[in-house]
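Written below as structure tokens is the structure these notes are about.
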Amino acid sequence: MNPVVHIPQGDDTVKVELTLKEIMALTGVKFHNNHTIEVSAKKKLQHVLEDQYMEEQRPMN
């Protein structure tokens with residue numbers, strides 16, 4: 001059974017600034033000498049998601 005997930009404003013757009021190497025790392029390219037590239041990219045995405053989530057949780061005045 002698959003629960004239905006409703007994400008308010010889930011179709012809104014956000015902007016994230018990533019380097020080409022970060023984008024490549026997120027698509028699966030492995031940088032064996034530098035694992036921090038993928039970590040950095042994921043942290044940037046997580047930060048944007050958290051900011052957006054907190055914005056949605058604020059009460060409207």
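Residue numbering restarts at 1 for every chain of the structure tokens, chains are lettered A, B, ... in their displayed order, and ligands are numbered from 1 as they appear.
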Just want the 8 Å neighbourhood of region 15-26 of chain A, counted on only C-alpha atoms, with same-chain residues fewer than 6 positions away dropped. Output as a compact mmCIF listing (two decimals) with C-alpha atoms, in the first residue's frame.
```txt
# COMPACT_ATOMS: atom_id res chain seq x y z
CA ILE A 37 32.33 17.33 -3.67
CA GLU A 38 29.24 15.13 -3.35
CA SER A 40 29.02 19.67 -0.40
CA ALA A 41 26.35 19.39 -3.08
CA LYS A 42 24.03 17.38 -0.83
CA LYS A 44 23.52 22.75 -0.32
CA LEU A 45 20.36 20.92 -1.39
CA VAL A 48 17.55 24.87 0.54
```
Distance criterion (only C-alpha atoms): nearest to Tyr53 (chain A) out of A:Asn33, A:Thr27, A:Pro3, A:Gly10
A:Gly10
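Comparing A:Gly28, A:Val14, A:Asn34, A:Pro8 by their smallest distance to His47 (chain A), the closest is A:Val14 (using only C-alpha atoms).
For chain A, backbone-based DSSP assignment of alpha helix (DSSP H) covers Leu20, Lys21, Glu22, Ile23, Met24, Ala25, Leu26, Thr36, Ile37, Glu38, Val39, Ser40, Ala41, Lys42, Lys43, Lys44, Leu45, Gln46, His47, Val48, Leu49, Glu50, Asp51, Gln52, Tyr53, Met54, Glu55, Glu56 and Gln57 of chain A.
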Just write the chosen residues, N, CA and C atoms, as an mmCIF file, in the first residue's frame.
```
data_model
loop_
_atom_site.group_PDB
_atom_site.id
_atom_site.type_symbol
_atom_site.label_atom_id
_atom_site.label_comp_id
_atom_site.auth_asym_id
_atom_site.auth_seq_id
_atom_site.Cartn_x
_atom_site.Cartn_y
_atom_site.Cartn_z
ATOM 1 N N LEU A 20 29.953 22.647 -11.418
ATOM 2 C CA LEU A 20 29.786 21.545 -12.378
ATOM 3 C C LEU A 20 30.188 20.222 -11.748
ATOM 4 N N LYS A 21 31.249 20.224 -10.957
ATOM 5 C CA LYS A 21 31.676 18.983 -10.298
ATOM 6 C C LYS A 21 30.616 18.486 -9.326
ATOM 7 N N GLU A 22 29.947 19.393 -8.616
ATOM 8 C CA GLU A 22 28.890 18.995 -7.683
ATOM 9 C C GLU A 22 27.719 18.370 -8.438
ATOM 10 N N ILE A 23 27.359 18.951 -9.559
ATOM 11 C CA ILE A 23 26.272 18.386 -10.372
ATOM 12 C C ILE A 23 26.665 16.999 -10.862
ATOM 13 N N MET A 24 27.880 16.872 -11.334
ATOM 14 C CA MET A 24 28.353 15.574 -11.814
ATOM 15 C C MET A 24 28.323 14.539 -10.686
ATOM 16 N N ALA A 25 28.745 14.942 -9.491
ATOM 17 C CA ALA A 25 28.748 14.022 -8.351
ATOM 18 C C ALA A 25 27.331 13.565 -8.014
ATOM 19 N N LEU A 26 26.366 14.468 -8.105
ATOM 20 C CA LEU A 26 24.972 14.105 -7.812
ATOM 21 C C LEU A 26 24.381 13.173 -8.858
ATOM 22 N N THR A 36 34.413 15.014 -0.865
ATOM 23 C CA THR A 36 33.735 16.188 -0.315
ATOM 24 C C THR A 36 32.887 16.920 -1.350
ATOM 25 N N ILE A 37 33.126 16.674 -2.622
ATOM 26 C CA ILE A 37 32.327 17.331 -3.671
ATOM 27 C C ILE A 37 30.870 16.909 -3.559
ATOM 28 N N GLU A 38 30.622 15.620 -3.466
ATOM 29 C CA GLU A 38 29.243 15.126 -3.350
ATOM 30 C C GLU A 38 28.616 15.564 -2.032
ATOM 31 N N VAL A 39 29.393 15.517 -0.961
ATOM 32 C CA VAL A 39 28.895 15.939 0.349
ATOM 33 C C VAL A 39 28.485 17.407 0.315
ATOM 34 N N SER A 40 29.309 18.245 -0.293
ATOM 35 C CA SER A 40 29.021 19.671 -0.399
ATOM 36 C C SER A 40 27.721 19.911 -1.159
ATOM 37 N N ALA A 41 27.551 19.220 -2.270
ATOM 38 C CA ALA A 41 26.346 19.393 -3.080
ATOM 39 C C ALA A 41 25.099 18.974 -2.302
ATOM 40 N N LYS A 42 25.181 17.856 -1.604
ATOM 41 C CA LYS A 42 24.027 17.380 -0.834
ATOM 42 C C LYS A 42 23.689 18.334 0.302
ATOM 43 N N LYS A 43 24.719 18.920 0.930
ATOM 44 C CA LYS A 43 24.473 19.882 1.999
ATOM 45 C C LYS A 43 23.771 21.124 1.467
ATOM 46 N N LYS A 44 24.169 21.578 0.287
ATOM 47 C CA LYS A 44 23.521 22.747 -0.319
ATOM 48 C C LYS A 44 22.048 22.458 -0.591
ATOM 49 N N LEU A 45 21.754 21.281 -1.122
ATOM 50 C CA LEU A 45 20.365 20.915 -1.395
ATOM 51 C C LEU A 45 19.567 20.806 -0.103
ATOM 52 N N GLN A 46 20.160 20.182 0.911
ATOM 53 C CA GLN A 46 19.479 20.027 2.196
ATOM 54 C C GLN A 46 19.187 21.394 2.817
ATOM 55 N N HIS A 47 20.130 22.304 2.697
ATOM 56 C CA HIS A 47 19.952 23.654 3.247
ATOM 57 C C HIS A 47 18.763 24.357 2.578
ATOM 58 N N VAL A 48 18.660 24.239 1.260
ATOM 59 C CA VAL A 48 17.548 24.867 0.541
ATOM 60 C C VAL A 48 16.219 24.236 0.952
ATOM 61 N N LEU A 49 16.202 22.906 1.095
ATOM 62 C CA LEU A 49 14.974 22.237 1.518
ATOM 63 C C LEU A 49 14.562 22.676 2.918
ATOM 64 N N GLU A 50 15.525 22.771 3.821
ATOM 65 C CA GLU A 50 15.208 23.208 5.182
ATOM 66 C C GLU A 50 14.687 24.638 5.193
ATOM 67 N N ASP A 51 15.325 25.509 4.428
ATOM 68 C CA ASP A 51 14.862 26.900 4.355
ATOM 69 C C ASP A 51 13.439 26.969 3.828
ATOM 70 N N GLN A 52 13.147 26.209 2.795
ATOM 71 C CA GLN A 52 11.807 26.213 2.199
ATOM 72 C C GLN A 52 10.785 25.653 3.179
ATOM 73 N N TYR A 53 11.154 24.593 3.886
ATOM 74 C CA TYR A 53 10.248 23.971 4.850
ATOM 75 C C TYR A 53 9.935 24.939 5.990
ATOM 76 N N MET A 54 10.975 25.621 6.501
ATOM 77 C CA MET A 54 10.768 26.577 7.580
ATOM 78 C C MET A 54 9.897 27.738 7.114
ATOM 79 N N GLU A 55 10.059 28.156 5.878
ATOM 80 C CA GLU A 55 9.249 29.246 5.320
ATOM 81 C C GLU A 55 7.786 28.844 5.272
ATOM 82 N N GLU A 56 7.504 27.583 4.923
ATOM 83 C CA GLU A 56 6.130 27.103 4.837
ATOM 84 C C GLU A 56 5.511 26.951 6.223
ATOM 85 N N GLN A 57 6.326 26.723 7.249
ATOM 86 C CA GLN A 57 5.821 26.504 8.604
ATOM 87 C C GLN A 57 5.496 27.799 9.329
#
```
